[in-house]
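Trainee: Before anything else, here's the structure in question.
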Amino acid sequence: MKTAEIKRRYLAHFEANGHTVVPSAPLPAIDDPNLLFINAGMVQFVPFFLGQRTPPYQRAVSVQKCIRTPDIDEVGKTSRHGTFFQMNGNFSFGDYFKAEAIRLAWELSTNPIEKGGFGLDPTRIWPTVYLDDDEAFEMWRATGVPAERIVRRGKKDNWWHMGIAGPGGTCSELFYDRGAEYGKEGGPEVDEDRYMEYWNLVFMQYEITDVKSKENFTIVSDLPKKNIDTGMGLERVASILQGVDNLYEIDEVKPILARAAELSGKVYGAHSGHEAGKSHPDDVRLRVIADHVRTALMLIGDGVTPSNEGRGYVLRRIMRRAIRAMRLLGWQGATFPELLPVARDCMSPSYPELAEEFVRISTYAYAEEETFLTTLRAGTAILDTAITDTKKSGGATLSGAQAFQLHDTYGFPIDLTLEIAAERGLDVDREGFRRLMANQQATAKADAAARKTGHADLSVYRSLLDDGGPVEFTGYAEVTRESRVRGLIGAGGKSVAAAVEGDYVELVLDTTPYYAEGGGQQADTGLINVGGGQVEVVDVQQPLPGLIVHKARVIRGEVRAGETGYAEIDVTRRKAISRSHTATHLIHQTMRAFLGESATQAGSLNAPGRLRFDFNTPGAVSASVLHDVEQQVNEVLLRDLEVHAFITTQEEARRLGAMALFGEKYGDEVRVVEVGDYARELCGGTHVSRSGQLGLVKILNESSIGSGVRRVEALVGIDAFGFLAKEHLLVSRLAELFKVPGDQVADRVEQTVTALRDAEKELEKMRAQLVLGGAGALAEQARDLHGIAYVGTEAPEGAATNDVRTLAQEIRGKIDAARPAVVAVAARSNGKASLIVAINAAARSRGLSATDLVKGALSGRGGGNADLAQGGGVPADQVIQLLTAVEKAVGEAA
């Protein structure tokens, strides 16, 4: 049975049993800063489990794309662990509990294939239950499972919680006996390789606290509602139903692995997942490649692009591990152009958008591989130099600092450093490398911890939301509103009854016209009059979905909770922001028209009169394209198209061609904003009513903000007109100065700049000639210090460092090579003195060193080698002292 069919049957079974089918959330679509990616099916339902939101359904079912990265270095070493996987889950929010969950799992597992089930042999299924969960034990007995096949296990295996205080409960897991050829008899307690877990039913019925570990926590009380959270590993079920040994042989993975093996000339055995084959390096590398190529496809598909931080760094790392593994297998060609299309064909039956978006996905993947191959070449050259220097100095170990620099600065994989060093007969200080890595990770963790807010104490906000329900936003249709003050939150996040002049508070109204910051749009500001008091709103946020909070300062009188207030937003600001937001939609659509469908939005800022638009594209956008984009956007403004917003289903919005943002999670109902027939996009922001109201859009600049991500900044409306007026004044002034028409100013400025550069070059030549002109005479005037020719001189003030260095070398070169010679040249520039010392081989044989002479004169500062060294940074008036110090040191050494 194909994996896509397993997925279809799973969803159909639970939909037929009253569950709402919920689409998979995009991999990075999470609000929890503790997670980089969704790592379990229940993550998108966490607000329901925590009581932060009321679920719109009592039963739900999903097949969720997941990524787990903590054990990334272990991928491929076992037959059932990978980075990307899919989790089938059915969820009950206070509806059914153990009996129904067990029944539904048993029926889908054992119903015949012709009746929509998976057709698993019921005599080979082993349920496990928590030690004292007699209730679940008896429910499994009722399905016909004999007592000897129902295993009781402890907290380590059959208890679930989030790892922090919150809901938790006992589990019941399903294991399938794959047969005697896979291991010992006796059930999952004896051999979890033979008995493969494929489903976990979690009965969340307790509130827990004092969580110290998976097994060490305190049960506080029963939860008022009992919830069900189940997780079926889709890949594991596919492995069982397809009769294959491991997840690397299922239909969504094996073709990638097989193609990698074909390219590299390796053989992947049908039973390489068995114990005897687990440690074979070629098998492991092929698994790494198959897993990582599929993971990269899914990540880029969901809008993640390679970068040096966060999610982008995870993507970059797994791509580079795949490329590296292919090279270790002997393949020297490009990896992703060969394997990514195979992964697409494997996954598109379940996710058709991967085929539709493959041009965009492959553009990023192939560009990243080209970048990495350049890194490999550069890193190899640097490593070769480090190895040569280490061996030349008689060392046998490459330092941990050198290995870390290669890894951290140049992106050079440590395993490659280890391999190349070994080939050249050197060890690597692995402990030093690990220590530096640990220090870096500790710093990163501390920084992340300082910014974490996930699962913080939101009890006051939650109470306000529970008591009054979601706050109604009326700002699409009105800019003022009379509404009751539902609550006030004062300093320390505590609920207060009143606030007086000078206090900073957070207000929650029953309804509000204020737009809370979101979707790139800045929040509204304005005033709220409450009783005899007045507050100035400076920010508006949603700490919980559905709860709009006004952050404000009391500027007059007193405000009290429960009173009626009159909210009035700053209309001028709102209109300016709305113009910017509509302009962003137009720029987005136009960029896609000129650069292709892959130019998708990666972020935005809509502020009064200005906007910032980030988008995905592999390279810089030319000035001519930016000009054409700007012109076309302004033509749309002249057409004065109607801007219209409406609510529809996700499916209908997709059918209409509405653009959605990668990484964003949308509900079943979505808001679509149309600008005539020109642009259509999912959006919750505020907009103008007609495109002509924007007045003018002026693109200021375009720049890179990361690998594959560009940014344009633009002005809108009166701000754009103001900018053009200033530009006109500047051009007029330059035209007057150069005495040319305005349209010739750019050419005249370019000519002037070119002439200045040519003049500077001539001046440089003249200065160099002036500095070097006296080299011969200075060499002839060398003083004799006990058999050593010594020249100490000062270069012309302001001489370039390169010229001073060349002067020292020129003087040294004009002294007889058989005669020991030391040349010291000091210089003054920008209030500082510098010193350069050059000596010849004959002087070195007398025990002299240029580095020692420079450091001696400069109290330890400076650097170079025995022949030529330099230093500086001391006050300019110390030039004579520097030359005297060198002369004294030479005399003493002689």
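We name chains A, B, ... following the order of the structure tokens; residues begin at 1 in each chain, and ligands are numbered from 1 as shown.
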For range 167-186 of chain A against range 228-249 of chain A, with a cut-off of 10 Å and counting only C-alpha atoms, what is the closest atom pair and its distance in Å to one decimal for every residue that makes the cut, ordered by chain and number, as a tab-separated table?
Mentor:
```
residue	atom	partner	partner_atom	distance
A:Gly169	CA	A:Ile228	CA	9.6
A:Cys171	CA	A:Thr230	CA	9.1
A:Ser172	CA	A:Thr230	CA	9.4
A:Glu173	CA	A:Thr230	CA	9.5
A:Leu174	CA	A:Met232	CA	9.3
A:Tyr176	CA	A:Ile240	CA	8.0
A:Asp177	CA	A:Ile240	CA	9.4
A:Arg178	CA	A:Ile240	CA	7.6
A:Tyr182	CA	A:Asp245	CA	8.9
```
Trainee: Can I get the selection written as a PDB file, in the first residue's frame, with N, CA and C atoms?
Mentor:
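That gives us part.pdb:
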```
ATOM      1  N   GLY A 169      -0.687  12.803  30.815  1.00  0.00           N
ATOM      2  CA  GLY A 169      -1.490  11.624  31.105  1.00  0.00           C
ATOM      3  C   GLY A 169      -0.833  10.345  30.647  1.00  0.00           C
ATOM      4  N   CYS A 171      -0.393   6.691  28.583  1.00  0.00           N
ATOM      5  CA  CYS A 171      -0.399   6.350  27.160  1.00  0.00           C
ATOM      6  C   CYS A 171      -0.766   4.890  26.975  1.00  0.00           C
ATOM      7  N   SER A 172      -1.201   4.603  25.769  1.00  0.00           N
ATOM      8  CA  SER A 172      -1.347   3.227  25.330  1.00  0.00           C
ATOM      9  C   SER A 172      -0.770   3.144  23.927  1.00  0.00           C
ATOM     10  N   GLU A 173       0.285   2.340  23.784  1.00  0.00           N
ATOM     11  CA  GLU A 173       0.983   2.259  22.507  1.00  0.00           C
ATOM     12  C   GLU A 173       0.681   0.930  21.812  1.00  0.00           C
ATOM     13  N   LEU A 174       0.711   0.979  20.485  1.00  0.00           N
ATOM     14  CA  LEU A 174       0.486  -0.230  19.687  1.00  0.00           C
ATOM     15  C   LEU A 174       1.791  -0.641  19.014  1.00  0.00           C
ATOM     16  N   TYR A 176       3.678  -3.742  16.520  1.00  0.00           N
ATOM     17  CA  TYR A 176       3.373  -4.803  15.554  1.00  0.00           C
ATOM     18  C   TYR A 176       4.547  -5.764  15.477  1.00  0.00           C
ATOM     19  N   ASP A 177       4.238  -7.060  15.623  1.00  0.00           N
ATOM     20  CA  ASP A 177       5.261  -8.105  15.572  1.00  0.00           C
ATOM     21  C   ASP A 177       5.623  -8.359  14.114  1.00  0.00           C
ATOM     22  N   ARG A 178       6.857  -7.988  13.734  1.00  0.00           N
ATOM     23  CA  ARG A 178       7.286  -8.139  12.341  1.00  0.00           C
ATOM     24  C   ARG A 178       7.795  -9.533  12.016  1.00  0.00           C
ATOM     25  N   TYR A 182      13.224 -10.850  12.740  1.00  0.00           N
ATOM     26  CA  TYR A 182      13.617  -9.525  13.198  1.00  0.00           C
ATOM     27  C   TYR A 182      14.087  -9.496  14.651  1.00  0.00           C
TER      28      TYR A 182
END
```
Trainee: Could you write out, as a list of chain:residue names, all the residues of range 770-815 of chain A that DSSP marks as helix (DSSP H, G or I)?
Mentor: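 Checking each residue of range 770-815 of chain A, the helix (DSSP H, G or I) ones are A:Leu770, A:Val771, A:Leu772, A:Ala775, A:Gly776, A:Ala777, A:Leu778, A:Ala779, A:Glu780, A:Thr801, A:Asn802, A:Asp803, A:Val804, A:Arg805, A:Thr806, A:Leu807, A:Ala808, A:Gln809, A:Glu810, A:Ile811, A:Arg812, A:Gly813.
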Trainee: Could you take the residues named above and write them with all heavy atoms, as a short mmCIF file (atom, residue, chain, number, x, y, z; two decimals), in the first residue's frame?
Mentor:
```
data_model
loop_
_atom_site.label_atom_id
_atom_site.label_comp_id
_atom_site.auth_asym_id
_atom_site.auth_seq_id
_atom_site.Cartn_x
_atom_site.Cartn_y
_atom_site.Cartn_z
N LEU A 770 58.45 59.93 -4.64
CA LEU A 770 59.10 60.78 -3.65
C LEU A 770 59.68 59.96 -2.50
O LEU A 770 60.80 60.20 -2.05
CB LEU A 770 58.08 61.79 -3.11
CG LEU A 770 58.60 62.77 -2.04
CD1 LEU A 770 59.69 63.68 -2.61
CD2 LEU A 770 57.44 63.61 -1.49
N VAL A 771 58.88 58.97 -2.06
CA VAL A 771 59.32 58.13 -0.94
C VAL A 771 60.51 57.27 -1.34
O VAL A 771 61.49 57.14 -0.60
CB VAL A 771 58.15 57.25 -0.45
CG1 VAL A 771 58.66 56.21 0.56
CG2 VAL A 771 57.07 58.11 0.20
N LEU A 772 60.44 56.69 -2.55
CA LEU A 772 61.46 55.72 -2.95
C LEU A 772 62.68 56.35 -3.59
O LEU A 772 63.72 55.69 -3.76
CB LEU A 772 60.84 54.70 -3.93
CG LEU A 772 59.65 53.89 -3.40
CD1 LEU A 772 59.08 53.00 -4.50
CD2 LEU A 772 60.07 53.04 -2.22
N ALA A 775 66.17 55.96 -1.85
CA ALA A 775 66.57 54.66 -1.31
C ALA A 775 68.06 54.39 -1.52
O ALA A 775 68.77 53.94 -0.61
CB ALA A 775 65.73 53.55 -1.96
N GLY A 776 68.58 54.71 -2.73
CA GLY A 776 69.99 54.44 -3.02
C GLY A 776 70.91 55.25 -2.13
O GLY A 776 71.90 54.73 -1.58
N ALA A 777 70.59 56.54 -1.99
CA ALA A 777 71.43 57.40 -1.16
C ALA A 777 71.43 56.97 0.29
O ALA A 777 72.48 56.97 0.98
CB ALA A 777 70.95 58.85 -1.27
N LEU A 778 70.26 56.55 0.81
CA LEU A 778 70.16 56.09 2.20
C LEU A 778 70.98 54.82 2.40
O LEU A 778 71.63 54.64 3.44
CB LEU A 778 68.69 55.85 2.57
CG LEU A 778 67.83 57.12 2.72
CD1 LEU A 778 66.35 56.76 2.81
CD2 LEU A 778 68.26 57.88 3.98
N ALA A 779 70.99 53.94 1.38
CA ALA A 779 71.76 52.70 1.50
C ALA A 779 73.26 52.99 1.55
O ALA A 779 74.01 52.36 2.31
CB ALA A 779 71.44 51.78 0.33
N GLU A 780 73.68 53.97 0.76
CA GLU A 780 75.10 54.32 0.75
C GLU A 780 75.54 54.94 2.07
O GLU A 780 76.71 54.87 2.46
CB GLU A 780 75.37 55.30 -0.40
CG GLU A 780 75.26 54.66 -1.78
CD GLU A 780 75.45 55.69 -2.89
OE1 GLU A 780 75.68 56.89 -2.56
OE2 GLU A 780 75.38 55.30 -4.08
N THR A 801 51.26 53.09 3.90
CA THR A 801 51.97 51.99 4.55
C THR A 801 52.69 51.12 3.53
O THR A 801 53.84 50.69 3.75
CB THR A 801 50.98 51.13 5.35
OG1 THR A 801 50.33 51.96 6.32
CG2 THR A 801 51.69 50.00 6.06
N ASN A 802 52.05 50.84 2.39
CA ASN A 802 52.69 50.01 1.36
C ASN A 802 53.96 50.67 0.84
O ASN A 802 54.97 50.00 0.58
CB ASN A 802 51.72 49.76 0.21
CG ASN A 802 50.65 48.75 0.56
OD1 ASN A 802 50.81 47.97 1.50
ND2 ASN A 802 49.55 48.75 -0.17
N ASP A 803 53.92 51.99 0.68
CA ASP A 803 55.10 52.70 0.18
C ASP A 803 56.23 52.66 1.21
O ASP A 803 57.42 52.53 0.85
CB ASP A 803 54.74 54.15 -0.15
CG ASP A 803 53.80 54.25 -1.34
OD1 ASP A 803 53.76 53.30 -2.13
OD2 ASP A 803 53.11 55.28 -1.47
N VAL A 804 55.89 52.81 2.50
CA VAL A 804 56.91 52.75 3.55
C VAL A 804 57.56 51.37 3.58
O VAL A 804 58.79 51.24 3.70
CB VAL A 804 56.30 53.10 4.92
CG1 VAL A 804 57.35 52.98 6.03
CG2 VAL A 804 55.72 54.51 4.91
N ARG A 805 56.72 50.34 3.45
CA ARG A 805 57.25 48.97 3.45
C ARG A 805 58.17 48.77 2.25
O ARG A 805 59.25 48.16 2.35
CB ARG A 805 56.09 47.97 3.43
CG ARG A 805 56.57 46.51 3.56
CD ARG A 805 55.41 45.53 3.40
NE ARG A 805 54.35 45.77 4.37
CZ ARG A 805 53.14 46.24 4.06
NH1 ARG A 805 52.84 46.51 2.80
NH2 ARG A 805 52.24 46.43 5.00
N THR A 806 57.74 49.26 1.10
CA THR A 806 58.55 49.12 -0.12
C THR A 806 59.88 49.86 0.02
O THR A 806 60.94 49.38 -0.42
CB THR A 806 57.78 49.66 -1.34
OG1 THR A 806 56.55 48.96 -1.46
CG2 THR A 806 58.60 49.49 -2.62
N LEU A 807 59.86 51.05 0.67
CA LEU A 807 61.09 51.81 0.88
C LEU A 807 62.09 51.00 1.72
O LEU A 807 63.28 50.92 1.39
CB LEU A 807 60.77 53.14 1.58
CG LEU A 807 61.98 53.97 2.02
CD1 LEU A 807 62.82 54.38 0.81
CD2 LEU A 807 61.52 55.21 2.78
N ALA A 808 61.61 50.37 2.79
CA ALA A 808 62.50 49.57 3.64
C ALA A 808 63.11 48.43 2.85
O ALA A 808 64.31 48.13 2.97
CB ALA A 808 61.71 49.04 4.84
N GLN A 809 62.31 47.78 2.02
CA GLN A 809 62.81 46.67 1.23
C GLN A 809 63.79 47.14 0.15
O GLN A 809 64.78 46.46 -0.16
CB GLN A 809 61.63 45.91 0.60
CG GLN A 809 60.77 45.19 1.63
CD GLN A 809 59.49 44.64 1.01
OE1 GLN A 809 58.77 45.35 0.31
NE2 GLN A 809 59.21 43.37 1.27
N GLU A 810 63.50 48.32 -0.45
CA GLU A 810 64.39 48.88 -1.48
C GLU A 810 65.76 49.20 -0.90
O GLU A 810 66.81 48.92 -1.50
CB GLU A 810 63.76 50.15 -2.08
CG GLU A 810 62.63 49.90 -3.04
CD GLU A 810 63.16 49.50 -4.41
OE1 GLU A 810 64.15 50.10 -4.88
OE2 GLU A 810 62.61 48.56 -5.00
N ILE A 811 65.77 49.83 0.29
CA ILE A 811 67.06 50.17 0.93
C ILE A 811 67.83 48.89 1.23
O ILE A 811 69.05 48.79 0.96
CB ILE A 811 66.82 50.97 2.22
CG1 ILE A 811 66.15 52.32 1.90
CG2 ILE A 811 68.14 51.19 2.97
CD1 ILE A 811 65.69 53.09 3.12
N ARG A 812 67.15 47.89 1.81
CA ARG A 812 67.80 46.62 2.12
C ARG A 812 68.39 45.99 0.85
O ARG A 812 69.51 45.44 0.86
CB ARG A 812 66.80 45.66 2.76
CG ARG A 812 67.38 44.30 3.13
CD ARG A 812 66.31 43.38 3.70
NE ARG A 812 65.28 43.10 2.70
CZ ARG A 812 64.17 42.38 2.96
NH1 ARG A 812 63.97 41.91 4.18
NH2 ARG A 812 63.28 42.16 2.01
N GLY A 813 67.65 46.06 -0.26
CA GLY A 813 68.11 45.44 -1.50
C GLY A 813 69.32 46.10 -2.12
O GLY A 813 70.05 45.50 -2.92
#
```
Trainee: In Å to one decimal, how far is CA of Ala290 in chain A from CA of Ala40 in chain A?
Mentor: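 If I compute the distance from CA of Ala40 in chain A to CA of Ala290 in chain A, I get 21.2 Å.
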Trainee: For each of A:Thr480, A:Val709, A:Pro545, A:Met591, take the minimum atom-to-atom distance to Pro47 in chain A, counting only C-alpha atoms, then give the residue where this is smallest.
Mentor: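 Ranking A:Thr480, A:Val709, A:Pro545, A:Met591 by distance to Pro47 in chain A, first place goes to A:Pro545.
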Trainee: CA of Gly310 in chain A and CA of Ala343 in chain A, how far apart in Å?
Mentor: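 CA of Gly310 in chain A lies 24.1 Å from CA of Ala343 in chain A.
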Trainee: For Val716 in chain A, please output as an MDAnalysis selection string all residues within 10 Å (counting only C-alpha atoms; exclusion window: fewer than 3 positions along the same chain).
Mentor: chainID A and resid 576:577 579:584 607:611 694:699 719:723
Trainee: Those residues with C-alpha atoms, as a PDB file, in the first residue's frame please?
Mentor:
```
ATOM      1  CA  ALA A 576      -0.977  56.164   5.766  1.00  0.00           C
ATOM      2  CA  ILE A 577      -0.363  52.598   6.984  1.00  0.00           C
ATOM      3  CA  ARG A 579      -1.703  52.932   1.755  1.00  0.00           C
ATOM      4  CA  SER A 580       1.610  51.244   2.518  1.00  0.00           C
ATOM      5  CA  HIS A 581      -0.049  47.845   2.975  1.00  0.00           C
ATOM      6  CA  THR A 582      -1.908  48.038  -0.331  1.00  0.00           C
ATOM      7  CA  ALA A 583       1.318  49.162  -2.022  1.00  0.00           C
ATOM      8  CA  THR A 584       3.079  46.096  -0.588  1.00  0.00           C
ATOM      9  CA  ALA A 607       4.404  51.818   8.403  1.00  0.00           C
ATOM     10  CA  PRO A 608       2.953  55.304   7.842  1.00  0.00           C
ATOM     11  CA  GLY A 609       4.078  56.424   4.402  1.00  0.00           C
ATOM     12  CA  ARG A 610       6.768  53.781   3.958  1.00  0.00           C
ATOM     13  CA  LEU A 611       7.141  50.064   3.460  1.00  0.00           C
ATOM     14  CA  LEU A 694      -2.015  55.624  -2.877  1.00  0.00           C
ATOM     15  CA  GLY A 695      -1.041  58.667  -4.970  1.00  0.00           C
ATOM     16  CA  LEU A 696       2.500  57.531  -5.786  1.00  0.00           C
ATOM     17  CA  VAL A 697       4.888  54.672  -4.985  1.00  0.00           C
ATOM     18  CA  LYS A 698       8.632  55.367  -5.085  1.00  0.00           C
ATOM     19  CA  ILE A 699      11.087  52.466  -4.686  1.00  0.00           C
ATOM     20  CA  ASP A 719       6.113  60.783   1.620  1.00  0.00           C
ATOM     21  CA  ALA A 720       6.942  59.694  -1.944  1.00  0.00           C
ATOM     22  CA  PHE A 721       6.067  63.164  -3.305  1.00  0.00           C
ATOM     23  CA  GLY A 722       8.222  64.791  -0.618  1.00  0.00           C
ATOM     24  CA  PHE A 723      11.174  62.584  -1.523  1.00  0.00           C
TER      25      PHE A 723
END
```
Trainee: Could I get the residues of range 90-195 of chain A with an atom no further than 10 Å from an atom of range 6-28 of chain A, each paired with its nearest atom pair and that distance in Å to one decimal, using only C-alpha atoms, sorted by chain and residue number, as CSV?
Mentor:
```
residue,atom,partner,partner_atom,distance
A:Asn90,CA,A:Phe14,CA,7.3
A:Phe91,CA,A:His19,CA,8.2
A:Ser92,CA,A:His19,CA,8.6
A:Leu104,CA,A:Phe14,CA,7.9
A:Ala105,CA,A:Phe14,CA,9.6
A:Glu107,CA,A:His13,CA,9.1
A:Leu108,CA,A:His13,CA,6.9
A:Ser109,CA,A:Tyr10,CA,9.7
A:Ile113,CA,A:Arg9,CA,9.5
A:Gly116,CA,A:Arg9,CA,6.2
A:Gly117,CA,A:Arg9,CA,7.0
A:Phe118,CA,A:Ile6,CA,7.7
```
Trainee: Just how far from CA of Thr170 in chain A is CA of Asp157 in chain A, in Å to one decimal?
Mentor: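 Separating CA of Asp157 in chain A from CA of Thr170 in chain A is a distance of 9.4 Å.
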Trainee: For Asp466 in chain A, which residue among A:Gly301, A:Pro146, A:Gly51, A:Gly864 is the nearest when counting only C-alpha atoms?
Mentor: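 With only C-alpha atoms as the atom set, the closest residue is A:Gly51.
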Trainee: Excluding same-chain residues fewer than 3 positions from Pro188 in chain A, what lies within 12 Å of it counting only C-alpha atoms, as a ChimeraX atom specification?
Mentor: /A:124-129,149-153,157,173-178,183-185,191-198
Trainee: Which parts of range 659-843 of chain A does DSSP call strand (DSSP E) when run on the backbone here, written out as a PyMOL selection string?
Mentor: chain A and resi 669-675+679-682+697-706+709-716+783-785+788-794+821-829+832-839
